[in-house]
Structure formats: C-alpha cells, structure tokens
file target.txt (compact mmCIF, C-alpha atoms)
# COMPACT_ATOMS: atom_id res chain seq x y z
CA MET K 1 107.08 125.70 111.72
CA ALA K 2 109.14 128.64 112.89
CA SER K 3 110.00 128.87 116.59
CA ASN K 4 109.46 132.03 118.68
CA ARG K 5 113.18 132.57 118.66
CA SER K 6 113.31 132.24 114.89
CA VAL K 7 110.37 134.62 114.48
CA GLY K 8 112.18 137.08 116.69
CA ARG K 9 115.22 136.88 114.47
CA ALA K 10 113.08 137.39 111.38
CA GLN K 11 111.47 140.44 112.89
CA GLU K 12 114.81 142.13 113.48
CA PRO K 13 114.82 145.12 111.11
CA VAL K 14 117.29 145.11 108.24
CA THR K 15 118.81 148.56 108.01
CA TYR K 16 121.17 150.20 105.55
CA THR K 17 123.64 152.98 106.23
CA CYS K 18 124.12 155.94 103.90
CA ASP K 19 127.64 155.77 102.51
CA LEU K 20 127.87 159.58 102.40
CA CYS K 21 126.53 160.73 105.81
CA ASN K 22 126.40 157.42 107.75
CA SER K 23 122.73 158.04 108.49
CA GLU K 24 120.30 155.12 108.83
CA ASP K 25 117.21 157.23 108.21
CA GLY K 26 115.54 157.12 104.79
CA VAL K 27 118.25 155.02 103.17
CA ARG K 28 116.18 153.88 100.23
CA TRP K 29 118.42 154.64 97.26
CA TYR K 30 121.45 153.13 95.58
CA CYS K 31 123.80 154.50 92.91
CA ASN K 32 124.71 151.78 90.43
CA ASP K 33 127.65 153.83 89.15
CA CYS K 34 129.21 154.77 92.50
CA HIS K 35 128.05 151.60 94.27
CA GLU K 36 126.83 153.60 97.26
CA ASN K 37 123.76 153.55 99.50
CA LEU K 38 122.02 156.94 99.69
CA CYS K 39 119.51 158.49 102.06
CA ASP K 40 116.81 160.85 100.80
CA LYS K 41 118.90 163.96 101.58
CA CYS K 42 122.14 162.71 100.02
CA LYS K 43 120.24 161.44 97.01
CA LYS K 44 119.18 165.04 96.23
CA PHE K 45 122.76 166.33 96.49
CA HIS K 46 124.00 163.34 94.48
CA SER K 47 121.58 164.13 91.65
CA ARG K 48 122.77 167.79 91.54
CA GLY K 49 126.53 167.15 91.52
CA LYS K 50 128.43 167.88 88.32
CA LYS K 51 130.10 164.47 88.26
CA THR K 52 127.18 162.47 89.61
CA LYS K 53 124.06 164.12 88.18
CA ASN K 54 123.95 161.60 85.31
CA ASP K 55 124.52 158.57 87.52
CA GLU K 56 121.94 155.80 87.63
CA VAL K 57 120.23 156.09 91.03
CA VAL K 58 117.58 153.46 91.73
CA VAL K 59 115.50 152.18 94.62
CA ILE K 60 117.80 150.14 96.80
CA GLY K 61 115.82 146.98 96.05
CA LYS K 62 116.63 147.34 92.31
CA ALA K 63 120.34 147.89 92.79
CA ASN K 64 122.70 146.06 90.48
CA ARG K 65 124.98 145.20 93.37
CA GLN K 66 125.56 146.20 96.98
CA GLY K 67 129.20 145.43 97.56
CA ASP K 68 129.38 141.64 97.60
CA LYS K 69 125.98 141.23 99.27
CA PRO K 70 122.70 140.58 97.45
CA VAL K 71 120.10 143.32 97.74
CA PRO K 72 116.50 142.21 98.48
CA GLU K 73 113.59 143.65 96.56
CA VAL K 74 111.15 146.17 97.97
CA CYS K 75 107.84 144.65 99.07
CA LYS K 76 104.98 145.46 96.68
CA LEU K 77 102.36 145.28 99.46
CA HIS K 78 104.31 147.36 101.98
CA PRO K 79 106.35 150.11 100.25
CA GLY K 80 109.59 150.89 102.03
CA LYS K 81 109.91 147.37 103.42
CA LEU K 82 112.47 144.96 102.01
CA CYS K 83 111.68 141.33 101.16
CA ASP K 84 114.43 139.91 103.37
CA VAL K 85 112.58 136.77 104.60
CA TYR K 86 112.11 133.60 102.54
CA CYS K 87 109.16 131.27 103.21
CA CYS K 88 110.31 127.70 102.59
CA ASP K 89 106.76 126.33 102.52
CA PHE K 90 105.47 128.71 99.85
CA ASP K 91 108.80 129.37 98.07
CA ILE K 92 108.38 133.16 98.12
CA LEU K 93 110.21 136.23 99.41
CA MET K 94 108.39 138.60 101.76
CA CYS K 95 108.91 141.49 104.10
CA LEU K 96 108.60 141.24 107.90
CA MET K 97 105.04 142.57 107.86
CA CYS K 98 103.93 139.93 105.35
CA PHE K 99 105.68 137.30 107.43
CA SER K 100 103.94 138.41 110.63
CA GLN K 101 100.52 138.60 109.01
CA THR K 102 100.27 135.42 106.90
CA HIS K 103 103.37 133.24 107.21
CA LYS K 104 104.15 133.30 110.91
CA GLN K 105 103.67 129.54 111.35
CA HIS K 106 105.74 128.54 108.29
CA ASN K 107 109.35 127.49 107.91
CA TRP K 108 111.53 130.40 106.88
CA LYS K 109 115.08 131.52 106.18
CA HIS K 110 116.89 134.81 105.93
CA PHE K 111 117.06 136.19 102.41
CA VAL K 112 120.87 136.11 102.34
CA ASP K 113 121.02 132.43 103.34
CA GLU K 114 118.44 131.32 100.78
CA PHE K 115 119.98 133.56 98.13
CA GLN K 116 123.21 131.56 98.21
CA ILE K 117 121.26 128.31 97.79
CA LYS K 118 119.21 129.70 94.93
CA LYS K 119 122.36 131.09 93.36
CA GLN K 120 123.95 127.63 93.50
CA HIS K 121 120.82 126.09 91.98
CA LEU K 122 120.90 128.73 89.26
CA LEU K 123 124.50 127.82 88.46
CA GLU K 124 123.51 124.15 88.27
CA HIS K 125 120.63 125.00 85.93
CA MET K 126 122.97 127.05 83.78
CA ALA K 127 125.39 124.13 83.62
CA ALA K 128 122.50 121.84 82.63
CA ILE K 129 121.46 124.32 79.92
CA SER K 130 125.02 124.46 78.58
CA ALA K 131 125.21 120.66 78.55
CA ARG K 132 121.92 120.41 76.66
CA ILE K 133 123.03 123.08 74.19
CA ALA K 134 126.15 121.03 73.55
CA HIS K 135 124.02 117.88 73.22
CA PHE K 136 121.67 119.40 70.64
CA LYS K 137 124.57 120.98 68.77
CA ASN K 138 126.20 117.57 68.60
CA GLU K 139 122.90 116.05 67.41
CA THR K 140 122.65 118.62 64.63
CA SER K 141 126.32 118.41 63.72
CA GLU K 142 127.30 117.07 60.33
CA HIS K 143 129.25 114.15 61.83
CA GLY K 144 126.30 111.75 61.78
CA ASN K 145 125.21 112.98 58.36
CA LYS K 146 128.75 112.55 56.99
CA THR K 147 128.89 109.02 58.37
CA PHE K 148 125.56 108.14 56.75
CA LYS K 149 126.56 109.82 53.48
CA GLY K 150 129.89 108.01 53.51
CA ASN K 151 128.05 104.71 53.95
CA ILE K 152 125.76 105.55 51.02
CA ASP K 153 128.76 106.51 48.86
CA THR K 154 130.46 103.19 49.65
CA MET K 155 127.34 101.24 48.69
CA ARG K 156 126.93 103.31 45.52
CA LYS K 157 130.51 102.40 44.57
CA ASP K 158 129.79 98.70 45.23
CA VAL K 159 126.65 98.86 43.08
CA ASN K 160 128.55 100.41 40.17
CA THR K 161 131.36 97.85 40.55
CA GLN K 162 128.89 94.98 40.53
CA ARG K 163 127.09 96.47 37.54
CA ALA K 164 130.38 96.75 35.64
CA MET K 165 131.19 93.12 36.47
CA ILE K 166 127.80 91.89 35.25
CA LYS K 167 128.07 94.04 32.10
CA SER K 168 131.54 92.66 31.48
CA GLU K 169 130.28 89.09 31.86
CA ILE K 170 127.34 89.73 29.54
CA ASP K 171 129.67 91.35 27.00
CA SER K 172 131.94 88.30 27.21
CA ILE K 173 129.03 85.91 26.57
CA ALA K 174 127.73 88.04 23.69
CA ASP K 175 131.22 88.27 22.17
CA ALA K 176 131.55 84.47 22.30
CA VAL K 177 128.25 84.10 20.41
CA LEU K 178 129.39 86.65 17.82
CA VAL K 179 132.72 84.84 17.38
CA GLU K 180 130.84 81.58 16.84
CA LEU K 181 128.63 83.27 14.22
CA SER K 182 131.73 84.58 12.42
CA SER K 183 133.21 81.07 12.43
CA LEU K 184 130.01 79.62 10.92
CA GLU K 185 129.99 82.36 8.30
CA LYS K 186 133.62 81.65 7.36
CA GLU K 187 133.02 77.91 7.17
CA GLU K 188 129.95 78.43 4.96
CA ALA K 189 131.93 80.77 2.68
CA VAL K 190 134.61 78.08 2.18
CA MET K 191 132.00 75.43 1.40
CA HIS K 192 130.21 77.75 -1.02
CA GLN K 193 133.43 78.55 -2.84
CA LYS K 194 134.19 74.83 -3.14
CA ASP K 195 130.71 74.16 -4.56
CA CYS K 196 131.12 77.01 -7.02
CA GLN K 197 134.43 75.60 -8.23
CA GLU K 198 132.88 72.14 -8.67
CA SER K 199 129.98 73.62 -10.64
CA GLU K 200 132.33 75.61 -12.85
CA LYS K 201 134.32 72.41 -13.53
CA LYS K 202 131.15 70.62 -14.61
CA VAL K 203 130.12 73.55 -16.81
CA ARG K 204 133.48 73.42 -18.60
CA ALA K 205 133.23 69.66 -19.12
CA LEU K 206 129.66 69.85 -20.44
CA THR K 207 130.57 72.78 -22.69
CA SER K 208 133.40 70.72 -24.15
CA LEU K 209 131.01 67.79 -24.82
CA LEU K 210 128.53 70.16 -26.44
CA GLU K 211 131.21 71.51 -28.80
CA LYS K 212 132.26 68.00 -29.75
CA ALA K 213 128.64 67.05 -30.40
CA LYS K 214 128.21 70.03 -32.76
CA MET K 215 131.27 69.12 -34.75
CA THR K 216 130.35 65.45 -35.12
CA ASP K 217 130.01 64.33 -38.80
CA THR K 218 127.85 61.58 -40.17
CA THR K 219 130.37 58.80 -39.74
CA SER K 220 131.00 59.51 -36.02
CA THR K 221 127.41 60.19 -34.98
CA PHE K 222 126.87 56.69 -33.63
CA GLU K 223 130.11 56.78 -31.71
CA MET K 224 129.34 60.25 -30.15
CA GLU K 225 125.84 59.17 -29.22
CA ARG K 226 127.20 56.13 -27.37
CA SER K 227 129.77 58.33 -25.57
CA LEU K 228 127.22 60.90 -24.44
CA LYS K 229 124.87 58.11 -23.25
CA THR K 230 127.47 57.03 -20.74
CA THR K 231 128.82 60.51 -19.91
CA LEU K 232 125.62 62.52 -19.30
CA PRO K 233 124.51 60.47 -16.27
CA LEU K 234 127.63 61.74 -14.52
CA TYR K 235 126.14 65.24 -14.67
CA ASP K 236 122.61 64.38 -13.49
CA VAL K 237 120.82 67.60 -12.50
CA ASN K 238 117.98 65.76 -10.78
CA VAL K 239 120.23 64.95 -7.84
CA LYS K 240 119.40 67.42 -5.09
CA ASP K 241 122.19 68.75 -2.95
CA VAL K 242 121.49 68.59 0.79
CA LEU K 243 121.95 72.16 1.98
CA PRO K 244 123.21 72.69 5.52
CA LYS K 245 120.59 73.67 8.11
CA LEU K 246 120.62 77.43 8.66
CA PRO K 247 121.69 78.43 12.16
CA SER K 248 119.27 80.36 14.34
CA PHE K 249 119.59 82.46 17.49
CA VAL K 250 116.96 81.97 20.20
CA THR K 251 116.91 84.98 22.51
CA GLY K 252 116.72 84.30 26.22
CA SER K 253 114.19 85.89 28.58
CA ILE K 254 115.39 88.48 31.07
CA ASP K 255 114.98 87.15 34.62
CA ARG K 256 114.91 90.26 36.81
CA VAL K 257 114.89 88.23 40.03
CA LEU K 258 118.03 86.39 38.98
CA LEU K 259 119.67 89.62 37.85
CA THR K 260 118.78 91.22 41.21
CA LYS K 261 120.43 88.32 43.03
CA MET K 262 123.46 88.65 40.79
CA LEU K 263 123.72 92.40 41.33
CA GLY K 264 122.89 92.34 45.04
CA GLU K 265 120.13 93.72 47.24
CA LEU K 266 119.97 96.70 49.55
CA HIS K 267 119.19 95.77 53.16
CA HIS K 268 118.21 98.45 55.64
CA GLY K 269 116.28 98.45 58.88
CA ASN K 270 113.11 100.34 59.61
CA GLN K 271 113.67 104.06 59.68
CA TYR K 272 113.53 105.34 63.22
CA GLU K 273 111.13 108.03 64.28
CA LYS K 274 112.13 110.34 67.07
CA THR K 275 109.39 110.75 69.65
CA ASP K 276 109.23 113.63 72.08
CA ILE K 277 107.99 112.59 75.52
CA ASP K 278 106.11 115.13 77.57
CA SER K 279 107.37 114.58 81.11
CA LYS K 280 104.08 115.84 82.52
CA HIS K 281 102.32 112.85 80.95
CA VAL K 282 104.77 110.24 82.25
CA GLN K 283 103.28 108.52 85.30
CA HIS K 284 104.47 105.67 87.48
CA LEU K 285 102.62 102.41 86.96
CA SER K 286 102.41 101.50 90.62
CA LYS K 287 104.37 101.35 93.87
CA PHE K 288 105.64 98.10 95.35
CA THR K 289 106.98 97.33 98.79
CA VAL K 290 108.89 94.04 99.03
CA THR K 291 111.23 92.40 101.51
CA GLN K 292 114.95 92.17 100.86
CA GLN K 293 114.65 88.44 100.21
CA ASN K 294 111.86 88.90 97.66
CA LYS K 295 113.30 91.93 95.93
CA MET K 296 112.31 92.47 92.32
CA PHE K 297 114.91 92.10 89.60
CA CYS K 298 112.98 93.75 86.78
CA ILE K 299 109.70 95.57 86.04
CA CYS K 300 108.67 95.41 82.37
CA PRO K 301 105.62 97.56 81.41
CA VAL K 302 103.33 95.74 79.00
CA ASP K 303 101.08 98.75 78.37
CA ASP K 304 99.67 101.62 80.42
CA ARG K 305 97.69 99.17 82.58
CA TYR K 306 99.87 96.13 83.23
CA ALA K 307 103.47 95.20 83.92
CA CYS K 308 105.44 91.94 84.28
CA LEU K 309 107.72 91.36 87.27
CA SER K 310 110.71 89.09 87.87
CA ILE K 311 111.29 88.37 91.56
CA ASN K 312 114.36 86.99 93.32
CA GLN K 313 114.29 83.16 93.74
CA TYR K 314 110.80 83.00 92.22
CA GLN K 315 110.16 80.72 89.23
CA ASP K 316 107.10 82.62 88.04
CA LEU K 317 106.54 85.45 85.60
CA VAL K 318 104.08 87.73 87.43
CA LEU K 319 101.60 90.05 85.69
CA VAL K 320 100.25 92.91 87.85
CA ASN K 321 97.89 95.80 87.20
CA LYS K 322 98.59 99.44 87.97
CA GLU K 323 97.22 98.99 91.49
CA GLY K 324 99.89 96.35 92.18
CA VAL K 325 97.44 93.45 92.21
CA VAL K 326 98.65 90.14 90.72
CA ILE K 327 96.48 89.30 87.69
CA GLU K 328 98.25 86.25 86.30
CA LYS K 329 101.30 84.01 86.87
CA VAL K 330 103.26 82.05 84.27
CA LYS K 331 105.10 79.06 85.73
CA LEU K 332 108.72 78.70 84.58
CA ASP K 333 111.43 76.11 85.21
CA PHE K 334 113.97 78.82 86.03
CA CYS K 335 114.12 82.13 87.87
CA PRO K 336 113.67 85.02 85.39
CA TYR K 337 116.04 87.95 85.69
CA ILE K 338 115.83 90.63 82.99
CA LEU K 339 112.55 91.15 81.11
CA THR K 340 112.42 92.95 77.76
CA MET K 341 109.36 93.79 75.68
CA VAL K 342 109.83 92.65 72.06
CA GLY K 343 107.34 94.34 69.75
CA THR K 344 103.87 94.62 71.24
CA THR K 345 103.10 91.00 72.16
CA ASP K 346 106.28 89.13 73.15
CA ILE K 347 108.43 89.30 76.28
CA GLN K 348 112.07 88.22 76.16
CA VAL K 349 113.25 86.62 79.42
CA THR K 350 116.93 86.49 80.40
CA THR K 351 118.34 84.51 83.31
CA PHE K 352 121.69 83.41 84.74
CA ALA K 353 123.30 80.23 83.43
CA ASP K 354 123.48 77.28 85.82
CA ILE K 355 127.19 76.51 86.31
CA LYS K 356 126.89 74.07 89.20
CA PRO K 357 128.99 72.67 90.82
CA HIS K 358 131.23 75.61 89.95
CA ARG K 359 130.95 79.00 91.59
CA ALA K 360 130.71 82.28 89.76
call {"tool": "encode", "arguments": {"input": "target.txt", "output": "structure tokens"}}
result
Amino acid sequence: MASNRSVGRAQEPVTYTCDLCNSEDGVRWYCNDCHENLCDKCKKFHSRGKKTKNDEVVVIGKANRQGDKPVPEVCKLHPGKLCDVYCCDFDILMCLMCFSQTHKQHNWKHFVDEFQIKKQHLLEHMAAISARIAHFKNETSEHGNKTFKGNIDTMRKDVNTQRAMIKSEIDSIADAVLVELSSLEKEEAVMHQKDCQESEKKVRALTSLLEKAKMTDTTSTFEMERSLKTTLPLYDVNVKDVLPKLPSFVTGSIDRVLLTKMLGELHHGNQYEKTDIDSKHVQHLSKFTVTQQNKMFCICPVDDRYACLSINQYQDLVLVNKEGVVIEKVKLDFCPYILTMVGTTDIQVTTFADIKPHRA
C-alpha cells in the first residue's frame, strides 16, 4: 500500500519545457526529427518553417525518443495527462488522476523507475528468444541428419560386404561341385574308351574266326568245329557288364533363417516421438513439508494421481496420493535413494553401496 508521502510524490505534476521558447504551458508535442519538445504555439511555427514543415511532429506520448529519457504515453481516459505512474499490484501504467481515483491504496512506482526494470526484462526476454532461435536452428541443422545418414551408409556398406562374402562362399562351394562333376565325366570317358577298345578287339578276333570257318574244307571241318567249341565261350554275350551307378545331384533347401544369421540382422531401438508439453497443463502433484532429518531424496510420479517417495534414513518405499496422504508402504532392507519409472509398471530403485567399515 502506498504511504501518504508516496502518494504525494506521485501527485507531483510531470511537466515538460518547450525547447524553443522554454514555456511549460501546452507542451504536448514532440518532433521526432529535431528531437525537441514543442508547445502549441511553437508547434504551429515549426509546421510552417521551410526546413521543418515536413518533420514528423507527434503527441509527446508517442515520441520516438526524448533525449535519453523514456516518454510516457498519454492517458486514454484523461486526455492531456501522461501515464507516469506504474501500479505494481495491477501491472499497468496510469496518469495521476487514475491513480487518485482507483489505485490510491496500491503499491506504485514512478514510470521512469519501472521503465528501466521493464527494459531489463525485455532485454532478458530478447536474449531468451535468441537462445531459443539458436536451439531450434541447431535442431533443424543437417548435423544430426548427416550423422544418421553416415551411420546408414556404413551399415549399407557392411551389408554389401557381407553379401559379397556369402556369394563368394556359395560360388566356391558350387565350383567345387562342378569340378567334381567334371572329374567324374573324365573318368567315365576313360572307362568308356577302354571298353570300346576291348569290344573292338573282340570283334576283330571273332571276325577272324568267322573268315577261317568260311574257308574250312571238308577235311578240316572236324578240327575247326572242335576249335570253335572251345573258343566261342571266351566271347560269351550273355555275360552282363555291371554298369557304374549314375551320379545324381540332390538340391538343398534354402534356409532363410540360417542365411539371415549368416548375413546379419539390423538392430534398432524404438523410434522416438517428440511430444510437445503445454506448460499450462503441467500441474504439481502435491506439496510436502518435511523436517531436515526426514528430507526426501526423490519423488517419482507414477501417474497423475500417485507418486513414490524415498526418504532419508527410511527403509520404506512410500506411495502417496496427490493430497500428500500415504496410501501404501513397501518394506525394504535398504534405504532407497533415486527412484526411476521404467515403462508403466516398474520402478527402478537405486541406493548407495555399503562400504563399512570404510568411509566414503
């Protein structure tokens, strides 16, 4: 509440002097080009001058600057009065008449004093804006994207390398099978040629016997017959040759799971989702007042209704509601320190290690 002495100070009129005639009457104008206060009379002459007729002359409350001093606005309720008093309780500027009529019992400051504070706050807000601009620019910079893309490119290279290695191994196995087939083919060709030569030898021998049999006369018929009886069994055609078993190729089944293990698997965590939090909807769970000895180490919200507490030298995990009432206690064999919510159902409890008899 303002004292009588303070009210008296607030009610002291704030006057301006005309920079041209030094008059204090009707000084309601300001030239933004010349940076001069003007009374009504000098304002007329100023607007008619050859060099000044195009100057920007405004109501003194709308001046761009008044030397190095801030210029208060003109009161909208009381024309001609300047808003040179600041009400701390209502955070508004007012003229002396407004102050006397409706804000006399409130805390107040002179406009100039509060202006410097507000100006400092404005500079702080501007600095905060600049910092946030830099933050969001950094968030949208290509650095993070390049890092992620570089990681993807590295993995892509590893995948192609592994694929080439598996292909090379498969090609090596297939080539070995093909070499074995060529060896079997060559071996069979040699055996076939040998059989052909043996058959040709038998054909020549039998042909020779046939020619001799045709040329046999009557006197040698008995002798030839006896010779053929012992020779023909050597060329028995009823004996079956045992042909070699034909080779076969049994194709294997493609095991995709095994191939996946051989190639490798891509592991990545759950994709994050950025969530905007409306500060107007963020509320405190509850208020707690504790002694220094029983001070709380950690408050871990469970949901919007309950929270778990860890308390100094207290071997219990305490569950409280938003009114601060203890709902449940979980007995522990140690004093919990830091509490962390894991997922939606589990609470991770961290404590100090017992190093007795040593000291930390």
call {"tool": "residues_around", "arguments": {"input": "target.txt", "residues": "Val326 in chain K", "least_positions_apart": "3", "cutoff": "12 Å", "atoms": "all atoms listed in the file", "output": "list of chain:residue names"}}
result
K:Ser286, K:Phe288, K:Tyr306, K:Ala307, K:Cys308, K:Leu309, K:Asp316, K:Leu317, K:Val318, K:Leu319, K:Val320, K:Asn321, K:Lys322, K:Glu323, K:Lys329, K:Val330
call {"tool": "closest_residue", "arguments": {"input": "target.txt", "among": "K:Thr17, K:Thr351, K:Asn107, K:Ser208", "to": "Tyr314 in chain K", "atoms": "only C-alpha atoms"}}
result
K:Thr351
call {"tool": "atom_distance", "arguments": {"input": "target.txt", "atom1": "CA of Leu206 in chain K", "atom2": "CA of Ala189 in chain K"}}
result
25.7 Å
call {"tool": "residues_around", "arguments": {"input": "target.txt", "residues": "Tyr16 in chain K", "least_positions_apart": "5", "cutoff": "10 Å", "atoms": "all atoms listed in the file", "output": "PyMOL selection string"}}
result
chain K and resi 22-29+37-39+60
call {"tool": "residues_around", "arguments": {"input": "target.txt", "residues": "Leu181 in chain K", "least_positions_apart": "4", "cutoff": "10 Å", "atoms": "all atoms listed in the file", "output": "PyMOL selection string"}}
result
chain K and resi 175-177+185-187+247-249
call {"tool": "axis_aligned_box", "arguments": {"input": "target.txt", "around": "range 321-324 of chain K", "padding_each_side": "4 Å", "output": "lines of an AutoDock Vina configuration file"}}
result
center_x = 98.6
center_y = 97.6
center_z = 89.7
size_x = 10.7
size_y = 11.6
size_z = 13.0
call {"tool": "closest_residue", "arguments": {"input": "target.txt", "among": "K:Ala174, K:Gln197, K:Asn138, K:Gln315", "to": "Asp333 in chain K", "atoms": "all atoms listed in the file"}}
result
K:Gln315
call {"tool": "atom_distance", "arguments": {"input": "target.txt", "atom1": "CA of Asp255 in chain K", "atom2": "CA of Ile173 in chain K"}}
result
16.2 Å
call {"tool": "atom_distance", "arguments": {"input": "target.txt", "atom1": "CA of Ile152 in chain K", "atom2": "CA of Leu259 in chain K"}}
result
21.5 Å
call {"tool": "residues_around", "arguments": {"input": "target.txt", "residues": "Ile347 in chain K", "least_positions_apart": "5", "cutoff": "10 Å", "atoms": "only C-alpha atoms", "output": "list in words"}}
result
Cys300, Val302, Cys308, Leu339, Thr340, Met341 and Val342 of chain K
call {"tool": "residues_around", "arguments": {"input": "target.txt", "residues": "range 261-268 of chain K", "least_positions_apart": "4", "cutoff": "10 Å", "atoms": "only C-alpha atoms", "output": "list in words"}}
result
Met155, Asp158, Val159, Asn160, Thr161, Gln162, Arg163, Ala164, Met165, Ile166, Arg256 and Val257 of chain K
call {"tool": "decode", "arguments": {"input": "target.txt", "residues": "range 196-206 of chain K", "atoms": "all heavy atoms", "output": "PDB file, in the first residue's frame"}}
result
ATOM      1  N   CYS K 196      35.375 -99.651 -75.206  1.00  0.00           N
ATOM      2  CA  CYS K 196      35.246 -99.643 -76.671  1.00  0.00           C
ATOM      3  C   CYS K 196      36.432-100.362 -77.316  1.00  0.00           C
ATOM      4  O   CYS K 196      36.272-101.137 -78.291  1.00  0.00           O
ATOM      5  CB  CYS K 196      35.145 -98.216 -77.187  1.00  0.00           C
ATOM      6  SG  CYS K 196      33.566 -97.420 -76.790  1.00  0.00           S
ATOM      7  N   GLN K 197      37.602-100.144 -76.805  1.00  0.00           N
ATOM      8  CA  GLN K 197      38.792-100.790 -77.358  1.00  0.00           C
ATOM      9  C   GLN K 197      38.738-102.314 -77.161  1.00  0.00           C
ATOM     10  O   GLN K 197      39.115-103.098 -78.038  1.00  0.00           O
ATOM     11  CB  GLN K 197      40.046-100.207 -76.683  1.00  0.00           C
ATOM     12  CG  GLN K 197      40.334 -98.782 -77.089  1.00  0.00           C
ATOM     13  CD  GLN K 197      41.500 -98.187 -76.318  1.00  0.00           C
ATOM     14  OE1 GLN K 197      42.002 -98.815 -75.367  1.00  0.00           O
ATOM     15  NE2 GLN K 197      41.941 -97.005 -76.738  1.00  0.00           N
ATOM     16  N   GLU K 198      38.241-102.719 -75.975  1.00  0.00           N
ATOM     17  CA  GLU K 198      38.113-104.148 -75.693  1.00  0.00           C
ATOM     18  C   GLU K 198      37.097-104.805 -76.632  1.00  0.00           C
ATOM     19  O   GLU K 198      37.312-105.908 -77.160  1.00  0.00           O
ATOM     20  CB  GLU K 198      37.690-104.350 -74.241  1.00  0.00           C
ATOM     21  CG  GLU K 198      37.703-105.793 -73.778  1.00  0.00           C
ATOM     22  CD  GLU K 198      39.106-106.371 -73.692  1.00  0.00           C
ATOM     23  OE1 GLU K 198      40.081-105.577 -73.552  1.00  0.00           O
ATOM     24  OE2 GLU K 198      39.245-107.601 -73.782  1.00  0.00           O
ATOM     25  N   SER K 199      35.978-104.065 -76.850  1.00  0.00           N
ATOM     26  CA  SER K 199      34.946-104.607 -77.758  1.00  0.00           C
ATOM     27  C   SER K 199      35.471-104.702 -79.178  1.00  0.00           C
ATOM     28  O   SER K 199      35.200-105.684 -79.911  1.00  0.00           O
ATOM     29  CB  SER K 199      33.699-103.719 -77.708  1.00  0.00           C
ATOM     30  OG  SER K 199      33.121-103.748 -76.425  1.00  0.00           O
ATOM     31  N   GLU K 200      36.195-103.706 -79.621  1.00  0.00           N
ATOM     32  CA  GLU K 200      36.768-103.722 -80.967  1.00  0.00           C
ATOM     33  C   GLU K 200      37.755-104.885 -81.119  1.00  0.00           C
ATOM     34  O   GLU K 200      37.819-105.534 -82.179  1.00  0.00           O
ATOM     35  CB  GLU K 200      37.457-102.384 -81.246  1.00  0.00           C
ATOM     36  CG  GLU K 200      36.478-101.230 -81.431  1.00  0.00           C
ATOM     37  CD  GLU K 200      37.202 -99.900 -81.576  1.00  0.00           C
ATOM     38  OE1 GLU K 200      38.457 -99.892 -81.502  1.00  0.00           O
ATOM     39  OE2 GLU K 200      36.514 -98.856 -81.765  1.00  0.00           O
ATOM     40  N   LYS K 201      38.513-105.182 -80.051  1.00  0.00           N
ATOM     41  CA  LYS K 201      39.465-106.292 -80.087  1.00  0.00           C
ATOM     42  C   LYS K 201      38.734-107.628 -80.249  1.00  0.00           C
ATOM     43  O   LYS K 201      39.154-108.514 -81.032  1.00  0.00           O
ATOM     44  CB  LYS K 201      40.292-106.282 -78.817  1.00  0.00           C
ATOM     45  CG  LYS K 201      41.347-107.366 -78.762  1.00  0.00           C
ATOM     46  CD  LYS K 201      42.135-107.247 -77.455  1.00  0.00           C
ATOM     47  CE  LYS K 201      43.190-108.368 -77.367  1.00  0.00           C
ATOM     48  NZ  LYS K 201      43.949-108.282 -76.088  1.00  0.00           N
ATOM     49  N   LYS K 202      37.613-107.763 -79.540  1.00  0.00           N
ATOM     50  CA  LYS K 202      36.816-108.984 -79.636  1.00  0.00           C
ATOM     51  C   LYS K 202      36.182-109.125 -81.014  1.00  0.00           C
ATOM     52  O   LYS K 202      36.102-110.242 -81.576  1.00  0.00           O
ATOM     53  CB  LYS K 202      35.734-108.992 -78.568  1.00  0.00           C
ATOM     54  CG  LYS K 202      36.279-109.159 -77.158  1.00  0.00           C
ATOM     55  CD  LYS K 202      35.149-109.130 -76.130  1.00  0.00           C
ATOM     56  CE  LYS K 202      35.693-109.305 -74.716  1.00  0.00           C
ATOM     57  NZ  LYS K 202      34.635-109.280 -73.703  1.00  0.00           N
ATOM     58  N   VAL K 203      35.719-107.983 -81.554  1.00  0.00           N
ATOM     59  CA  VAL K 203      35.118-108.005 -82.901  1.00  0.00           C
ATOM     60  C   VAL K 203      36.143-108.481 -83.925  1.00  0.00           C
ATOM     61  O   VAL K 203      35.851-109.288 -84.821  1.00  0.00           O
ATOM     62  CB  VAL K 203      34.551-106.625 -83.270  1.00  0.00           C
ATOM     63  CG1 VAL K 203      34.203-106.555 -84.747  1.00  0.00           C
ATOM     64  CG2 VAL K 203      33.345-106.304 -82.411  1.00  0.00           C
ATOM     65  N   ARG K 204      37.365-108.017 -83.825  1.00  0.00           N
ATOM     66  CA  ARG K 204      38.418-108.414 -84.767  1.00  0.00           C
ATOM     67  C   ARG K 204      38.728-109.922 -84.643  1.00  0.00           C
ATOM     68  O   ARG K 204      38.899-110.630 -85.628  1.00  0.00           O
ATOM     69  CB  ARG K 204      39.686-107.584 -84.528  1.00  0.00           C
ATOM     70  CG  ARG K 204      39.562-106.155 -85.006  1.00  0.00           C
ATOM     71  CD  ARG K 204      40.930-105.487 -85.085  1.00  0.00           C
ATOM     72  NE  ARG K 204      41.613-105.461 -83.783  1.00  0.00           N
ATOM     73  CZ  ARG K 204      41.506-104.467 -82.915  1.00  0.00           C
ATOM     74  NH1 ARG K 204      40.707-103.396 -83.203  1.00  0.00           N
ATOM     75  NH2 ARG K 204      42.158-104.510 -81.785  1.00  0.00           N
ATOM     76  N   ALA K 205      38.763-110.377 -83.390  1.00  0.00           N
ATOM     77  CA  ALA K 205      39.068-111.812 -83.171  1.00  0.00           C
ATOM     78  C   ALA K 205      37.951-112.692 -83.722  1.00  0.00           C
ATOM     79  O   ALA K 205      38.207-113.718 -84.387  1.00  0.00           O
ATOM     80  CB  ALA K 205      39.291-112.068 -81.685  1.00  0.00           C
ATOM     81  N   LEU K 206      36.700-112.306 -83.426  1.00  0.00           N
ATOM     82  CA  LEU K 206      35.564-113.089 -83.918  1.00  0.00           C
ATOM     83  C   LEU K 206      35.464-113.031 -85.432  1.00  0.00           C
ATOM     84  O   LEU K 206      35.088-114.035 -86.106  1.00  0.00           O
ATOM     85  CB  LEU K 206      34.269-112.581 -83.272  1.00  0.00           C
ATOM     86  CG  LEU K 206      34.115-112.876 -81.777  1.00  0.00           C
ATOM     87  CD1 LEU K 206      32.898-112.149 -81.216  1.00  0.00           C
ATOM     88  CD2 LEU K 206      33.991-114.388 -81.532  1.00  0.00           C
TER      89      LEU K 206
END
